[in-house]
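What follows is the content of coords.cif, which has mmCIF, C-alpha atoms:
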data_data
loop_
_atom_site.label_atom_id
_atom_site.label_comp_id
_atom_site.auth_asym_id
_atom_site.auth_seq_id
_atom_site.Cartn_x
_atom_site.Cartn_y
_atom_site.Cartn_z
CA MET A 6 -60.49 107.57 -1.75
CA ASN A 7 -61.31 106.47 1.77
CA ARG A 8 -59.81 108.84 4.33
CA SER A 9 -58.53 106.00 6.51
CA LEU A 10 -56.75 104.43 3.56
CA VAL A 11 -55.04 107.74 2.75
CA ILE A 12 -53.89 108.06 6.35
CA LEU A 13 -52.61 104.46 6.34
CA LEU A 14 -50.68 105.02 3.11
CA GLY A 15 -49.24 108.24 4.53
CA VAL A 16 -48.14 106.44 7.68
CA LEU A 17 -46.51 103.67 5.62
CA ALA A 18 -44.70 106.22 3.44
CA LEU A 19 -43.49 108.09 6.51
CA GLY A 20 -42.25 104.84 8.06
CA ALA A 21 -40.41 103.92 4.87
CA ALA A 22 -38.85 107.38 4.71
CA ILE A 23 -37.68 107.17 8.33
CA PHE A 24 -36.15 103.73 7.76
CA ALA A 25 -34.49 104.72 4.47
CA GLY A 26 -33.18 107.97 5.94
CA SER A 27 -31.56 106.34 8.94
CA TYR A 28 -30.19 103.53 6.71
CA PHE A 29 -28.47 105.87 4.25
CA VAL A 30 -27.22 108.32 6.87
CA SER A 31 -25.62 105.58 8.97
CA GLN A 32 -24.18 103.88 5.88
CA ARG A 33 -22.56 107.15 4.74
CA ALA A 34 -21.37 107.91 8.27
CA CYS A 35 -19.78 104.48 8.48
CA ALA A 36 -17.97 104.94 5.17
CA ILE A 37 -16.77 108.46 6.05
CA THR A 38 -15.40 107.54 9.47
CA ARG A 39 -13.21 104.80 7.98
CA SER A 40 -9.48 105.45 7.67
CA ALA A 41 -8.01 106.35 4.29
CA ASP A 42 -4.86 104.36 5.05
CA ASP A 43 -3.79 101.68 2.54
CA LEU A 44 -3.16 99.27 5.39
CA SER A 45 -6.39 99.78 7.33
CA TRP A 46 -7.83 96.62 5.75
CA LEU A 47 -4.98 94.54 7.21
CA HIS A 48 -5.51 96.09 10.63
CA ASP A 49 -9.25 95.41 10.67
CA GLU A 50 -9.36 92.09 8.84
CA PHE A 51 -6.42 90.37 10.55
CA HIS A 52 -6.79 92.01 13.98
CA LEU A 53 -3.24 93.30 14.18
CA ASN A 54 -1.94 95.07 17.26
CA GLY A 55 0.26 98.17 17.23
CA ALA A 56 3.60 96.34 17.06
CA GLU A 57 2.43 94.03 14.28
CA MET A 58 1.02 96.95 12.32
CA ALA A 59 4.31 98.84 12.70
CA ARG A 60 6.24 95.86 11.34
CA VAL A 61 3.77 95.37 8.47
CA ARG A 62 3.97 99.09 7.65
CA GLN A 63 7.76 98.91 7.57
CA LEU A 64 7.62 95.95 5.18
CA HIS A 65 4.99 97.70 3.07
CA GLU A 66 7.03 100.87 2.78
CA GLY A 67 10.11 98.86 1.88
CA TYR A 68 8.21 96.96 -0.81
CA MET A 69 6.46 99.91 -2.47
CA PRO A 70 9.54 101.38 -4.27
CA GLN A 71 10.45 97.92 -5.61
CA CYS A 72 6.90 97.44 -6.81
CA ALA A 73 6.86 100.87 -8.46
CA LYS A 74 10.18 100.09 -10.18
CA MET A 75 8.83 96.84 -11.57
CA CYS A 76 5.68 98.61 -12.73
CA VAL A 77 7.79 101.11 -14.68
CA LEU A 78 9.80 98.27 -16.28
CA ILE A 79 6.62 96.37 -17.20
CA ALA A 80 4.99 99.50 -18.64
CA ALA A 81 8.10 100.20 -20.74
CA LYS A 82 8.27 96.59 -21.97
CA ASN A 83 4.57 96.69 -22.75
CA ALA A 84 5.13 99.77 -24.89
CA GLU A 85 7.94 97.90 -26.72
CA VAL A 86 5.57 94.98 -27.37
CA GLN A 87 2.93 97.32 -28.75
CA ALA A 88 5.55 98.97 -31.00
CA ALA A 89 6.83 95.58 -32.20
CA LEU A 90 3.31 94.39 -32.96
CA GLY A 91 2.58 97.65 -34.75
CA SER A 92 -0.35 97.44 -37.10
CA GLY A 93 0.79 94.16 -38.67
CA THR A 94 -1.35 91.06 -38.81
CA ASN A 95 1.35 88.59 -37.84
CA VAL A 96 3.60 88.13 -34.79
CA THR A 97 7.16 88.87 -35.79
CA ALA A 98 10.22 87.31 -34.17
CA GLU A 99 10.94 90.63 -32.49
CA ALA A 100 7.38 90.85 -31.12
CA GLN A 101 7.69 87.25 -29.89
CA GLN A 102 10.95 88.16 -28.14
CA LYS A 103 9.38 91.23 -26.50
CA LEU A 104 6.36 89.19 -25.34
CA THR A 105 8.72 86.65 -23.74
CA GLU A 106 10.59 89.45 -21.99
CA LEU A 107 7.30 90.99 -20.82
CA GLY A 108 6.20 87.63 -19.45
CA GLY A 109 9.56 87.27 -17.69
CA LEU A 110 9.18 90.69 -16.08
CA ARG A 111 5.64 89.89 -14.94
CA ALA A 112 6.79 86.61 -13.45
CA GLN A 113 9.65 88.40 -11.69
CA CYS A 114 7.19 90.98 -10.32
CA GLN A 115 4.78 88.27 -9.17
CA ALA A 116 7.57 86.40 -7.41
CA GLN A 117 8.63 89.61 -5.67
CA MET A 118 5.02 90.25 -4.68
CA LEU A 119 4.63 86.73 -3.27
CA ARG A 120 7.86 87.12 -1.28
CA HIS A 121 6.42 90.31 0.16
CA PHE A 122 3.16 88.58 1.07
CA ILE A 123 5.11 85.82 2.82
CA GLU A 124 7.14 88.37 4.79
CA VAL A 125 3.98 90.23 5.80
CA SER A 126 2.27 86.99 6.81
CA GLN A 127 5.24 86.18 9.05
CA ALA A 128 4.77 89.53 10.81
CA MET A 129 1.27 88.47 11.81
CA PRO A 130 0.08 85.93 14.40
CA PRO A 131 0.49 82.44 12.81
CA GLU A 132 -3.20 81.75 12.16
CA GLU A 133 -3.88 85.23 10.79
CA GLY A 134 -0.71 85.01 8.70
CA ARG A 135 -1.86 81.78 7.06
CA ARG A 136 -5.25 83.31 6.36
CA TYR A 137 -3.65 86.46 4.92
CA LEU A 138 -1.37 84.48 2.62
CA ALA A 139 -4.20 82.28 1.37
CA GLU A 140 -6.38 85.34 0.79
CA MET A 141 -3.65 87.22 -1.08
CA LYS A 142 -2.83 84.21 -3.27
CA LYS A 143 -6.49 83.85 -4.08
CA LEU A 144 -6.91 87.57 -4.83
CA THR A 145 -3.75 88.00 -6.90
CA LEU A 146 -3.17 84.62 -8.58
CA GLY A 147 -6.63 83.12 -8.24
CA SER A 148 -8.07 85.08 -11.16
CA HIS A 149 -5.51 83.51 -13.55
CA GLU A 150 -6.39 80.06 -12.27
CA GLU A 151 -10.09 80.78 -12.75
CA ILE A 152 -9.52 81.98 -16.32
CA GLU A 153 -7.35 78.95 -17.15
CA GLN A 154 -9.89 76.63 -15.53
CA SER A 155 -12.77 78.17 -17.48
CA MET A 156 -10.76 77.93 -20.73
CA SER A 157 -10.01 74.24 -20.24
CA ASP A 158 -13.65 73.58 -19.27
CA HIS A 159 -14.98 75.34 -22.36
CA ASN A 160 -12.54 73.74 -24.78
CA GLY A 161 -13.19 70.26 -23.44
CA HIS A 162 -9.52 69.52 -22.76
CA GLU A 163 -7.09 69.95 -19.92
CA HIS A 164 -3.49 71.10 -20.15
CA GLY A 165 -0.94 68.37 -19.45
CA THR A 166 -3.17 65.56 -20.70
CA ASN A 167 -3.63 64.09 -24.16
CA MET B 387 -94.41 134.74 59.10
CA LYS B 388 -97.90 133.66 60.01
CA GLU B 389 -98.10 131.08 57.17
CA ASN B 390 -94.81 129.45 58.14
CA MET B 391 -96.02 128.72 61.63
CA ASN B 392 -98.93 126.55 60.43
CA PRO B 393 -99.62 123.86 63.13
CA ASP B 394 -101.07 121.29 60.60
CA PRO B 395 -98.38 120.10 58.20
CA GLY B 396 -100.71 117.39 56.68
CA SER B 397 -103.13 119.87 55.18
CA ASN B 398 -100.18 121.78 53.83
CA ARG B 399 -98.87 118.62 52.05
CA CYS B 400 -102.22 117.97 50.39
CA SER B 401 -102.45 121.46 49.09
CA GLY B 402 -98.77 121.17 47.88
CA GLU B 403 -99.47 117.99 45.86
CA ALA B 404 -102.46 119.57 44.26
CA SER B 405 -100.46 122.60 43.27
CA ASP B 406 -97.68 120.27 41.80
CA ASP B 407 -100.25 118.57 39.58
CA LYS B 408 -101.53 121.91 38.45
CA LEU B 409 -98.01 123.05 37.74
CA ARG B 410 -97.32 119.94 35.66
CA GLU B 411 -100.43 120.49 33.64
CA VAL B 412 -99.49 124.09 33.01
CA LEU B 413 -95.95 123.09 32.01
CA ARG B 414 -97.24 120.40 29.68
CA ALA B 415 -99.52 122.89 28.06
CA VAL B 416 -96.75 125.45 27.64
CA ARG B 417 -94.10 122.96 26.42
CA PRO B 418 -95.77 120.03 24.71
CA LEU B 419 -93.70 116.83 24.28
CA PRO B 420 -92.57 116.48 20.67
CA SER B 421 -94.11 113.64 18.79
CA LEU B 422 -91.72 110.76 17.90
CA PRO B 423 -90.30 110.77 14.41
CA PRO B 424 -91.79 108.30 11.97
CA ARG B 425 -90.49 104.69 12.25
CA PHE B 426 -88.67 105.63 15.46
CA GLN B 427 -88.92 102.20 17.02
CA GLU B 428 -87.76 100.46 13.85
CA ASN B 429 -84.71 102.74 13.63
CA VAL B 430 -83.80 102.07 17.23
CA TRP B 431 -83.86 98.34 16.62
CA ARG B 432 -81.78 98.73 13.46
CA ARG B 433 -79.15 100.64 15.38
CA ILE B 434 -79.04 97.98 18.05
CA GLU B 435 -78.64 95.27 15.41
CA ASP B 436 -75.87 97.25 13.66
CA SER B 437 -73.95 97.64 16.87
CA GLU B 438 -74.16 93.88 17.49
CA ALA B 439 -73.26 92.93 13.91
CA PRO B 440 -69.67 91.72 13.09
CA VAL B 441 -67.11 94.46 12.40
CA LYS B 442 -66.82 95.49 8.75
CA SER B 443 -63.46 95.97 6.97
CA GLY B 444 -63.86 99.75 6.91
CA SER B 445 -64.16 99.94 10.62
CA ARG B 446 -61.22 97.54 11.00
CA LEU B 447 -59.13 99.99 9.01
CA ASP B 448 -60.35 102.79 11.26
CA ALA B 449 -59.38 100.74 14.28
CA LEU B 450 -55.93 100.13 12.79
CA ILE B 451 -55.49 103.84 12.09
CA ALA B 452 -56.56 104.65 15.61
CA LEU B 453 -53.98 102.18 16.92
CA VAL B 454 -51.19 103.45 14.66
CA LEU B 455 -51.84 107.07 15.52
CA ARG B 456 -51.80 106.43 19.23
CA PRO B 457 -48.72 108.35 20.49
CA ARG B 458 -47.07 105.48 22.37
CA PHE B 459 -47.45 103.14 19.42
CA ALA B 460 -46.29 105.82 16.96
CA TYR B 461 -43.15 106.67 18.98
CA ALA B 462 -42.30 103.01 19.46
CA THR B 463 -42.68 102.33 15.73
CA ILE B 464 -40.54 105.33 14.76
CA ALA B 465 -37.85 104.29 17.23
CA THR B 466 -37.88 100.70 15.95
CA LEU B 467 -37.68 101.79 12.31
CA MET B 468 -34.81 104.18 13.06
CA LEU B 469 -32.93 101.56 15.05
CA ALA B 470 -33.39 98.96 12.32
CA GLY B 471 -32.26 101.46 9.67
CA VAL B 472 -29.18 102.48 11.64
CA LEU B 473 -28.17 98.89 12.38
CA LEU B 474 -28.64 97.70 8.81
CA GLY B 475 -26.99 100.83 7.39
CA THR B 476 -24.00 100.46 9.69
CA TYR B 477 -23.64 96.80 8.77
CA ARG B 478 -23.84 97.50 5.04
CA GLY B 479 -21.58 100.54 5.40
CA ALA B 480 -18.97 98.48 7.21
CA GLN B 481 -19.12 95.81 4.50
CA THR B 482 -18.73 98.39 1.73
CA ALA B 483 -15.91 100.14 3.56
CA ARG B 484 -14.14 96.81 4.06
CA GLN B 485 -14.36 96.01 0.35
CA THR B 486 -13.06 99.49 -0.51
CA GLU B 487 -10.14 99.12 1.90
CA GLN B 488 -9.32 95.68 0.52
CA ALA B 489 -9.38 97.05 -3.04
CA ARG B 490 -7.12 99.94 -1.98
CA TYR B 491 -4.58 97.58 -0.41
CA LEU B 492 -4.63 95.29 -3.43
CA ALA B 493 -4.18 98.24 -5.80
CA ALA B 494 -1.15 99.30 -3.75
CA VAL B 495 0.63 95.93 -3.55
CA ALA B 496 -0.58 94.13 -6.66
CA PRO B 497 -0.91 96.17 -9.83
CA ASP B 498 -3.80 95.30 -12.14
CA SER B 499 -1.42 93.94 -14.78
CA LEU B 500 -0.40 91.14 -12.40
CA ARG B 501 -3.91 90.11 -11.40
#
As structure tokens:
Amino acid sequence: MNRSLVILLGVLALGAAIFAGSYFVSQRACAITRSADDLSWLHDEFHLNGAEMARVRQLHEGYMPQCAKMCVLIAAKNAEVQAALGSGTNVTAEAQQKLTELGGLRAQCQAQMLRHFIEVSQAMPPEEGRRYLAEMKKLTLGSHEEIEQSMSDHNGHEHGTN
Amino acid sequence: MKENMNPDPGSNRCSGEASDDKLREVLRAVRPLPSLPPRFQENVWRRIEDSEAPVKSGSRLDALIALVLRPRFAYATIATLMLAGVLLGTYRGAQTARQTEQARYLAAVAPDSLR
């Protein structure tokens, strides 16, 4: 092969290696230097100052035990549903009852979660608070809406209409 | 001493020129001029034509290599590549870190079963 071509290919490979090396090192460095705090996203995304972060942290720490309690209740009710369904091929009255109770618990948990989001949004500057609430609704409830929307689109009918 | 004080410099010059000619003849005899290689003139013209001909791709590549390997150009290129890599890496790293932090917050406040 031509010597000049070999040199050119070597130079290109070296350039690519230098670019890739600096890219990956800086990417890793950026990820490592980030805080491991659960609330660091709120701080960075919604530009909260120290006082606002302190208030949000207080609300977060107050909410976490309630959330954990609801999770335990939901997990227990889920286990009851699984037991009621057993290995049968039909939904018994008991299984139906347990499913209703599970749904009730989930709704209760979602309502509690939304109340928490509203409280947190009120601890932020008004504009950031609105953005936070919209984002949290989208992230937590939006997926259900998307699933329901896709189901009604695929089935060719919409709920609430004939 | 007597020779150096010659009152007639003209006769001295004539005898000097004659001796130069003799010396040249002797030198030529001792070291003869080499004969020109065959087709010398033709080769000279070919070289002149080659040097005036448009640059071929091979020599363009050589010129590019020479440019790339020039220290100032090489250092500038390395610095540019590193800067571009660092900037892009930092940007992508910040994006990834942001997504990770968002996922961590969501996992804390909204269990998977509710999403």
Show me, as JSON lines, the residues of chain A having an atom within 7 Å of chain B, each with the closest atom pair and its distance in Å, using all atoms listed in the file.
{"residue": "A:Ser9", "atom": "CA", "partner": "B:Asp448", "partner_atom": "CA", "distance": 6.0}
{"residue": "A:Leu13", "atom": "CA", "partner": "B:Ile451", "partner_atom": "CA", "distance": 6.5}
{"residue": "A:Gly20", "atom": "CA", "partner": "B:Ile464", "partner_atom": "CA", "distance": 6.9}
{"residue": "A:Ile23", "atom": "CA", "partner": "B:Met468", "partner_atom": "CA", "distance": 6.3}
{"residue": "A:Phe24", "atom": "CA", "partner": "B:Gly471", "partner_atom": "CA", "distance": 4.9}
{"residue": "A:Ala25", "atom": "CA", "partner": "B:Gly471", "partner_atom": "CA", "distance": 6.5}
{"residue": "A:Ser27", "atom": "CA", "partner": "B:Gly471", "partner_atom": "CA", "distance": 5.0}
{"residue": "A:Tyr28", "atom": "CA", "partner": "B:Gly471", "partner_atom": "CA", "distance": 4.2}
{"residue": "A:Phe29", "atom": "CA", "partner": "B:Gly475", "partner_atom": "CA", "distance": 6.1}
{"residue": "A:Ser31", "atom": "CA", "partner": "B:Gly475", "partner_atom": "CA", "distance": 5.2}
{"residue": "A:Gln32", "atom": "CA", "partner": "B:Gly479", "partner_atom": "CA", "distance": 4.3}
{"residue": "A:Arg33", "atom": "CA", "partner": "B:Gly479", "partner_atom": "CA", "distance": 6.7}
{"residue": "A:Cys35", "atom": "CA", "partner": "B:Gly479", "partner_atom": "CA", "distance": 5.3}
{"residue": "A:Ala36", "atom": "CA", "partner": "B:Ala483", "partner_atom": "CA", "distance": 5.5}
{"residue": "A:Arg39", "atom": "CA", "partner": "B:Ala483", "partner_atom": "CA", "distance": 7.0}
{"residue": "A:Asp43", "atom": "CA", "partner": "B:Tyr491", "partner_atom": "CA", "distance": 5.1}
{"residue": "A:Leu44", "atom": "CA", "partner": "B:Tyr491", "partner_atom": "CA", "distance": 6.2}
{"residue": "A:Ser45", "atom": "CA", "partner": "B:Glu487", "partner_atom": "CA", "distance": 6.6}
{"residue": "A:Trp46", "atom": "CA", "partner": "B:Glu487", "partner_atom": "CA", "distance": 5.1}
{"residue": "A:Arg111", "atom": "CA", "partner": "B:Leu500", "partner_atom": "CA", "distance": 6.7}
{"residue": "A:Gln115", "atom": "CA", "partner": "B:Leu500", "partner_atom": "CA", "distance": 6.7}
{"residue": "A:Thr145", "atom": "CA", "partner": "B:Arg501", "partner_atom": "CA", "distance": 5.0}
{"residue": "A:Leu146", "atom": "CA", "partner": "B:Arg501", "partner_atom": "CA", "distance": 6.2}
{"residue": "A:Ser148", "atom": "CA", "partner": "B:Arg501", "partner_atom": "CA", "distance": 6.5}
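With atom CA of A:Arg60 on one side and atom CA of A:His48 on the other, the separation reads 11.8 Å.
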Item to check | Answer key for the PyMOL selection byres ((chain A and resi 123-129) around 12), residues as number ranges by chain | outcome: A: 44, 47-48, 50-68, 116-122, 130-142; B: 495
Checklist outcome for this item: Taken to one decimal, the atom CA of A:Ala73-atom CA of A:Ala98 distance is 29.3 Å
Next on the checklist: Give me the residues near A:Gly109 as a ChimeraX atom specification, where near means some atom within 12 Å (using all atoms listed in the file) and where sequence neighbours in that chain fewer than 3 positions away do not count.
Outcome noted: /A:75,78-79,82-83,102-106,112-116 /B:500
Take the selection from the previous step and output its residues with C-alpha atoms, as a PDB file, in the frame of the given file.
ATOM      1  CA  MET A  75       8.830  96.840 -11.570  1.00  0.00           C
ATOM      2  CA  LEU A  78       9.800  98.270 -16.280  1.00  0.00           C
ATOM      3  CA  ILE A  79       6.620  96.370 -17.200  1.00  0.00           C
ATOM      4  CA  LYS A  82       8.270  96.590 -21.970  1.00  0.00           C
ATOM      5  CA  ASN A  83       4.570  96.690 -22.750  1.00  0.00           C
ATOM      6  CA  GLN A 102      10.950  88.160 -28.140  1.00  0.00           C
ATOM      7  CA  LYS A 103       9.380  91.230 -26.500  1.00  0.00           C
ATOM      8  CA  LEU A 104       6.360  89.190 -25.340  1.00  0.00           C
ATOM      9  CA  THR A 105       8.720  86.650 -23.740  1.00  0.00           C
ATOM     10  CA  GLU A 106      10.590  89.450 -21.990  1.00  0.00           C
ATOM     11  CA  ALA A 112       6.790  86.610 -13.450  1.00  0.00           C
ATOM     12  CA  GLN A 113       9.650  88.400 -11.690  1.00  0.00           C
ATOM     13  CA  CYS A 114       7.190  90.980 -10.320  1.00  0.00           C
ATOM     14  CA  GLN A 115       4.780  88.270  -9.170  1.00  0.00           C
ATOM     15  CA  ALA A 116       7.570  86.400  -7.410  1.00  0.00           C
TER      16      ALA A 116
ATOM     17  CA  LEU B 500      -0.400  91.140 -12.400  1.00  0.00           C
TER      18      LEU B 500
END
Checklist entry - Quick one: distance from atom CA of B:Pro420 to atom CA of B:Asp407 in Å, one decimal? => result 20.5 Å
